[in-house]
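Asks: Next up is a structure, given as structure tokens.
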Amino acid sequence: MEIKDNTFSRQFEALADGKLITVEYSFQEKKIFLTRMSVPENFDNEEFISDFLKDIMAIAIERKLKVVPILPKIAAFFKKNPTYKELLPPGIRI
């Protein structure tokens with residue numbers, strides 16, 4: 001999967017079956033806040049979404065960022081993938 005970091009729009013982008021999936025973000029200090037996810041209607045490929053989020057976590061690790069999940073869907077990702085809980089800033093529990 002190829003992820004584009006669209007810094008102008010402040011979002012990560014990926015194509016799935018020709019459809020654009022995005023995760024919007026904002027930065028504060030050494031934290032990235034994942035604020036919004038856009039998924040086209042009738043798109044139900046949860047495996048693709050999970051892989052997309054794993055790739056975003058890899059980017060956060062590479063950039064030495066802590067991840068603050070604002071969305072319930074992203075918080076659920078952390079619950080299903082406890083290996084990424086180290087990316088949560090101190091005081092954030094999921």
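Ligands are numbered from 1 in the order shown, residues from 1 within each chain, and chains are lettered A, B, ... in the order they appear in the structure tokens.
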Mind checking which residues fall within 12 Å of Met57 in chain A, counting only C-alpha atoms, ignoring those fewer than 6 positions away in the same chain, and posting them as an NGL selection string?
Replies: :A and (3 or 12 or 23 or 32-34 or 50-51 or 63-69 or 74 or 77-78 or 81 or 83-88)
Asks: Can you list, as a PyMOL selection string, all residues belonging to chain A that DSSP tags as strand (DSSP E)?
Replies: chain A and resi 4-6+11-16+19-28+31-38+66-69
Asks: Nearest residue to Ile56 in chain A out of A:Asp44, A:Glu13, A:Phe8, A:Pro89, using only C-alpha atoms?
Replies: A:Glu13
Asks: Quote the spacing between CA of Glu24 in chain A and CA of Asn6 in chain A in Å to one decimal place.
Replies: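 So the two atoms, CA of Glu24 in chain A and CA of Asn6 in chain A, lie 9.3 Å apart.
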Asks: So which one's closest to Pro90 in chain A, A:Ala16, A:Arg10, A:Glu2, A:Lys31? Using only C-alpha atoms, please.
Replies: A:Lys31
